[in-house]
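Here's input_33.txt, which has compact mmCIF, C-alpha atoms:
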# COMPACT_ATOMS: atom_id res chain seq x y z
CA MET A 1 -50.47 -195.37 33.97
CA ILE A 2 -52.87 -192.41 33.65
CA VAL A 3 -54.15 -191.63 30.15
CA VAL A 4 -56.71 -189.04 29.01
CA TYR A 5 -59.01 -189.59 26.03
CA THR A 6 -61.29 -186.97 24.47
CA ASP A 7 -63.69 -189.53 23.02
CA PRO A 8 -65.20 -191.45 25.95
CA LEU A 9 -67.37 -194.42 25.14
CA LEU A 10 -70.78 -195.03 26.65
CA LEU A 11 -69.13 -198.04 28.33
CA ASP A 12 -66.73 -195.65 30.10
CA PHE A 13 -69.69 -193.69 31.48
CA ILE A 14 -71.38 -196.91 32.62
CA LYS A 15 -68.24 -198.15 34.38
CA VAL A 16 -67.75 -194.85 36.20
CA CYS A 17 -71.43 -194.63 37.19
CA LEU A 18 -71.28 -198.19 38.54
CA ASN A 19 -68.54 -197.08 40.94
CA MET A 20 -69.64 -193.55 41.83
CA PRO A 21 -69.52 -192.72 45.55
CA GLN A 22 -72.80 -192.17 47.35
CA ASP A 23 -72.37 -188.39 47.72
CA GLU A 24 -72.11 -188.04 43.93
CA ARG A 25 -75.18 -190.23 43.45
CA ASP A 26 -77.00 -188.02 45.97
CA GLN A 27 -75.91 -184.93 44.03
CA LEU A 28 -77.39 -186.28 40.80
CA GLU A 29 -80.63 -187.07 42.64
CA ALA A 30 -80.73 -183.54 44.07
CA PHE A 31 -80.30 -182.01 40.62
CA THR A 32 -82.65 -184.27 38.68
CA GLY A 33 -85.31 -185.09 41.26
CA GLU A 34 -85.04 -188.73 40.17
CA LYS A 35 -83.72 -191.75 42.03
CA PHE A 36 -80.15 -192.51 40.94
CA ASN A 37 -80.08 -194.98 38.09
CA ILE A 38 -76.78 -196.13 36.58
CA ASP A 39 -78.12 -196.33 33.03
CA GLY A 40 -79.88 -192.97 33.28
CA ALA A 41 -76.83 -191.24 34.71
CA ALA A 42 -74.49 -192.79 32.15
CA ILE A 43 -76.69 -192.18 29.11
CA GLY A 44 -77.76 -188.74 30.29
CA ASN A 45 -74.19 -187.51 30.68
CA PHE A 46 -72.98 -189.32 27.55
CA THR A 47 -75.59 -187.63 25.36
CA VAL A 48 -75.26 -184.02 26.56
CA ALA A 49 -73.76 -181.59 24.08
CA GLY A 50 -70.25 -180.29 24.57
CA PRO A 51 -66.71 -181.61 24.94
CA LYS A 52 -66.09 -184.62 27.17
CA TRP A 53 -63.03 -186.56 28.33
CA VAL A 54 -62.24 -189.68 30.30
CA ILE A 55 -59.27 -190.40 32.53
CA LYS A 56 -58.19 -194.02 32.65
CA ALA A 57 -55.81 -195.72 35.06
CA ASP A 58 -54.42 -199.00 33.77
CA ASP A 59 -57.00 -198.81 30.97
CA GLU A 60 -59.98 -198.57 33.36
CA PRO A 61 -62.05 -195.35 33.48
CA ILE A 62 -61.79 -193.59 36.83
CA CYS A 63 -63.19 -190.15 35.98
CA ILE A 64 -65.23 -188.50 33.25
CA GLY A 65 -65.71 -184.79 32.81
CA GLY A 66 -67.07 -182.33 30.35
CA PHE A 67 -68.59 -178.95 29.64
CA VAL A 68 -72.23 -178.48 28.69
CA PRO A 69 -73.07 -175.32 26.68
CA GLN A 70 -75.49 -173.03 28.53
CA ARG A 71 -75.47 -170.16 26.01
CA PRO A 72 -72.80 -168.76 23.66
CA GLY A 73 -69.48 -168.61 25.53
CA VAL A 74 -70.85 -170.09 28.79
CA TYR A 75 -70.39 -173.71 29.81
CA ARG A 76 -71.35 -175.69 32.90
CA ASP A 77 -68.98 -178.42 33.96
CA PHE A 78 -69.75 -181.94 35.04
CA MET A 79 -67.53 -184.58 36.55
CA LEU A 80 -68.31 -188.17 37.44
CA THR A 81 -65.71 -189.94 39.54
CA THR A 82 -64.87 -193.22 41.18
CA PRO A 83 -63.06 -193.49 44.50
CA GLN A 84 -59.98 -194.52 42.49
CA ALA A 85 -59.91 -191.08 40.85
CA TRP A 86 -58.79 -189.57 44.15
CA ASP A 87 -55.93 -192.06 44.40
CA HIS A 88 -54.68 -190.06 41.39
CA TRP A 89 -55.86 -186.62 42.58
CA PHE A 90 -52.84 -184.78 41.18
CA ALA A 91 -53.34 -186.15 37.66
CA VAL A 92 -57.12 -185.59 37.82
CA THR A 93 -56.55 -182.00 38.95
CA ARG A 94 -53.99 -181.37 36.21
CA VAL A 95 -56.35 -182.73 33.53
CA ALA A 96 -59.28 -180.67 34.83
CA ARG A 97 -57.20 -177.46 34.96
CA ARG A 98 -55.85 -178.01 31.45
CA ALA A 99 -59.34 -178.69 30.13
CA MET A 100 -60.62 -175.50 31.75
CA ASP A 101 -57.66 -173.48 30.43
CA GLY A 102 -58.33 -174.85 26.95
CA MET A 103 -62.01 -173.95 27.11
CA LEU A 104 -61.21 -170.38 28.15
CA LYS A 105 -58.62 -170.03 25.36
CA ASN A 106 -60.96 -171.40 22.71
CA GLY A 107 -64.21 -169.51 22.88
CA ALA A 108 -65.56 -169.82 26.41
CA HIS A 109 -65.65 -166.67 28.50
CA ARG A 110 -67.30 -168.30 31.53
CA LEU A 111 -67.20 -171.76 33.12
CA GLU A 112 -69.73 -172.61 35.82
CA CYS A 113 -69.95 -175.25 38.49
CA VAL A 114 -72.99 -175.85 40.71
CA ALA A 115 -72.80 -177.96 43.84
CA PRO A 116 -75.45 -178.78 46.44
CA ALA A 117 -74.76 -176.82 49.63
CA ALA A 118 -75.30 -179.98 51.68
CA ARG A 119 -72.55 -181.81 49.77
CA LEU A 120 -70.13 -178.93 50.34
CA ALA A 121 -70.94 -178.98 54.05
CA TYR A 122 -70.47 -182.76 54.21
CA ARG A 123 -67.22 -182.69 52.21
CA PRO A 124 -65.46 -179.30 52.63
CA GLU A 125 -62.46 -180.59 50.68
CA ILE A 126 -64.57 -180.24 47.52
CA GLU A 127 -64.72 -176.47 47.89
CA ARG A 128 -60.97 -176.38 48.53
CA TRP A 129 -60.45 -178.40 45.34
CA TYR A 130 -62.59 -175.93 43.39
CA SER A 131 -60.27 -173.13 44.50
CA VAL A 132 -57.28 -175.13 43.19
CA LEU A 133 -59.13 -175.20 39.86
CA ASN A 134 -59.40 -171.38 40.12
CA TYR A 135 -63.14 -171.47 40.59
CA LYS A 136 -64.47 -168.56 42.63
CA LYS A 137 -67.46 -168.95 44.90
CA GLU A 138 -70.08 -166.73 43.37
CA ALA A 139 -73.45 -167.07 45.03
CA PRO A 140 -75.85 -169.26 46.95
CA LEU A 141 -78.69 -170.58 44.81
CA TRP A 142 -81.58 -170.71 47.22
CA ARG A 143 -83.88 -173.71 46.78
CA TYR A 144 -82.10 -174.59 43.51
CA CYS A 145 -82.19 -178.37 43.80
CA ALA A 146 -85.18 -180.45 42.76
CA ASP A 147 -85.84 -181.30 46.39
CA GLY A 148 -85.89 -177.62 47.36
CA THR A 149 -82.46 -177.58 49.01
CA ASP A 150 -79.82 -174.94 48.32
CA ALA A 151 -76.86 -175.07 45.98
CA VAL A 152 -73.80 -172.89 45.42
CA MET A 153 -72.57 -171.43 42.13
CA PHE A 154 -68.86 -171.26 41.35
CA SER A 155 -67.36 -169.73 38.24
CA ARG A 156 -64.15 -169.13 36.41
CA VAL A 157 -64.07 -166.40 33.80
CA ARG A 158 -61.65 -165.42 31.07
CA ASN A 159 -59.62 -162.34 31.98

Would you give me this structure, written as structure tokens?
Amino acid sequence: MIVVYTDPLLLDFIKVCLNMPQDERDQLEAFTGEKFNIDGAAIGNFTVAGPKWVIKADDEPICIGGFVPQRPGVYRDFMLTTPQAWDHWFAVTRVARRAMDGMLKNGAHRLECVAPAARLAYRPEIERWYSVLNYKKEAPLWRYCADGTDAVMFSRVRN
């Protein structure tokens, strides 16, 4: 059974980070410039400001997401997944869409998502999934990543 909680524990973050696929680990390395470290990724995402949620399947965390404030009304998303999250892609998508809808109804006027261009090229289904979430491709971010590679900005704005 899939259940969503709005108060994830640090243990949930650790469990998800233990099982993150390599392309997500690579993404964190590209953004931080640091070698992936389970404790650093878990604690770093657990301690950021903003709302967070965890999706559990049979009481085990499979996906954690949240929104980090960038400035008043603007939030940047994050999502940490396990391969098991995509066994439940419909439920994960529904939770993410509802969370985004809620943010836009309750004070946010812009939600942002940044992805390394190399990850989008390697896994084009990610960009298709962003469109299901109503994200619009906005702009390339030249040399955005810590290693000097490019990223892409997506956004969803309140009408």

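Atom CA of His88 of chain A sits 14.9 Å away from atom CA of Val16 of chain A.
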
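Residues lying within 10 Å of Val68 of chain A, counting only C-alpha atoms and ignoring same-chain neighbours fewer than 2 positions away, are Asn45, Val48, Ala49, Gly50, Pro51, Lys52, Gly65, Gly66, Gln70, Arg71, Val74, Tyr75, Arg76, Asp77, Phe78, Leu111 and Glu112 of chain A.
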
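One finds atom CA of Pro21 of chain A at 24.9 Å from atom CA of Lys136 of chain A.
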
Write out as a PDB file with C-alpha atoms, keeping the file's coordinate frame the residues lying within 10 Å of Gly148 of chain A, counting all atoms listed in the file and excluding same-chain residues fewer than 5 positions away.
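Final file, result.pdb:
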ATOM      1  CA  ALA A  30     -80.730-183.540  44.070  1.00  0.00           C
ATOM      2  CA  PHE A  31     -80.300-182.010  40.620  1.00  0.00           C
ATOM      3  CA  GLY A  33     -85.310-185.090  41.260  1.00  0.00           C
ATOM      4  CA  TRP A 142     -81.580-170.710  47.220  1.00  0.00           C
ATOM      5  CA  ARG A 143     -83.880-173.710  46.780  1.00  0.00           C
TER       6      ARG A 143
END

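Proximity of A:Met79, A:Arg158, A:Asp58, A:Pro72 to Phe13 of chain A, computed with all atoms listed in the file, is greatest for A:Met79.
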
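Going from atom CA of Ala42 of chain A over to atom CA of Leu80 of chain A, you cover 9.4 Å.
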
I'd like the neighbourhood of Ser131 of chain A as number ranges by chain, where a residue qualifies if any of its atoms comes within 12 Å (using all atoms listed in the file), though same-chain residues fewer than 6 positions away should be ignored. A: 93, 97, 113, 124-125, 137-138, 154-156

Is it possible to add all heavy atoms to segment 41-52 of chain A and hand it back as a CSV table (one decimal), in the coordinates of the input?
chain,number,residue,atom,x,y,z
A,41,ALA,N,-77.9,-192.2,34.5
A,41,ALA,CA,-76.8,-191.2,34.7
A,41,ALA,C,-75.8,-191.4,33.6
A,41,ALA,O,-75.3,-190.4,33.1
A,41,ALA,CB,-76.2,-191.5,36.1
A,42,ALA,N,-75.5,-192.6,33.2
A,42,ALA,CA,-74.5,-192.8,32.2
A,42,ALA,C,-75.0,-192.2,30.8
A,42,ALA,O,-74.3,-191.5,30.2
A,42,ALA,CB,-74.2,-194.3,32.0
A,43,ILE,N,-76.2,-192.6,30.4
A,43,ILE,CA,-76.7,-192.2,29.1
A,43,ILE,C,-76.9,-190.7,29.1
A,43,ILE,O,-76.6,-190.0,28.2
A,43,ILE,CB,-78.0,-193.0,28.7
A,43,ILE,CG1,-77.6,-194.4,28.5
A,43,ILE,CG2,-78.7,-192.4,27.5
A,43,ILE,CD1,-78.8,-195.4,28.4
A,44,GLY,N,-77.5,-190.2,30.2
A,44,GLY,CA,-77.8,-188.7,30.3
A,44,GLY,C,-76.5,-187.9,30.1
A,44,GLY,O,-76.5,-186.9,29.4
A,45,ASN,N,-75.4,-188.3,30.8
A,45,ASN,CA,-74.2,-187.5,30.7
A,45,ASN,C,-73.5,-187.8,29.4
A,45,ASN,O,-72.8,-186.9,28.8
A,45,ASN,CB,-73.3,-187.8,31.9
A,45,ASN,CG,-73.7,-187.1,33.1
A,45,ASN,OD1,-73.5,-185.9,33.3
A,45,ASN,ND2,-74.4,-187.8,34.0
A,46,PHE,N,-73.6,-189.0,28.8
A,46,PHE,CA,-73.0,-189.3,27.6
A,46,PHE,C,-73.6,-188.5,26.4
A,46,PHE,O,-72.9,-188.1,25.5
A,46,PHE,CB,-73.1,-190.8,27.3
A,46,PHE,CG,-72.6,-191.3,25.9
A,46,PHE,CD1,-71.2,-191.4,25.7
A,46,PHE,CD2,-73.5,-191.6,24.9
A,46,PHE,CE1,-70.7,-191.8,24.5
A,46,PHE,CE2,-73.0,-192.0,23.7
A,46,PHE,CZ,-71.6,-192.1,23.5
A,47,THR,N,-74.9,-188.3,26.5
A,47,THR,CA,-75.6,-187.6,25.4
A,47,THR,C,-75.6,-186.1,25.4
A,47,THR,O,-76.1,-185.5,24.5
A,47,THR,CB,-77.0,-188.2,25.2
A,47,THR,OG1,-77.7,-187.9,26.4
A,47,THR,CG2,-77.0,-189.7,24.9
A,48,VAL,N,-75.2,-185.5,26.5
A,48,VAL,CA,-75.3,-184.0,26.6
A,48,VAL,C,-74.3,-183.4,25.5
A,48,VAL,O,-73.2,-184.0,25.2
A,48,VAL,CB,-75.0,-183.4,28.0
A,48,VAL,CG1,-76.0,-183.9,29.0
A,48,VAL,CG2,-73.6,-183.8,28.5
A,49,ALA,N,-74.6,-182.3,25.0
A,49,ALA,CA,-73.8,-181.6,24.1
A,49,ALA,C,-72.5,-181.1,24.8
A,49,ALA,O,-72.5,-180.9,26.0
A,49,ALA,CB,-74.5,-180.4,23.5
A,50,GLY,N,-71.5,-180.9,24.0
A,50,GLY,CA,-70.2,-180.3,24.6
A,50,GLY,C,-69.1,-181.3,24.7
A,50,GLY,O,-69.3,-182.5,24.5
A,51,PRO,N,-67.9,-180.8,24.9
A,51,PRO,CA,-66.7,-181.6,24.9
A,51,PRO,C,-66.7,-182.5,26.2
A,51,PRO,O,-67.2,-182.0,27.3
A,51,PRO,CB,-65.6,-180.6,24.9
A,51,PRO,CG,-66.1,-179.3,25.4
A,51,PRO,CD,-67.6,-179.3,25.0
A,52,LYS,N,-66.2,-183.7,26.1
A,52,LYS,CA,-66.1,-184.6,27.2
A,52,LYS,C,-64.7,-185.3,27.1
A,52,LYS,O,-64.1,-185.4,26.1
A,52,LYS,CB,-67.2,-185.7,27.0
A,52,LYS,CG,-68.6,-185.1,27.0
A,52,LYS,CD,-69.5,-186.3,26.6
A,52,LYS,CE,-70.9,-185.8,26.3
A,52,LYS,NZ,-71.0,-185.1,25.0
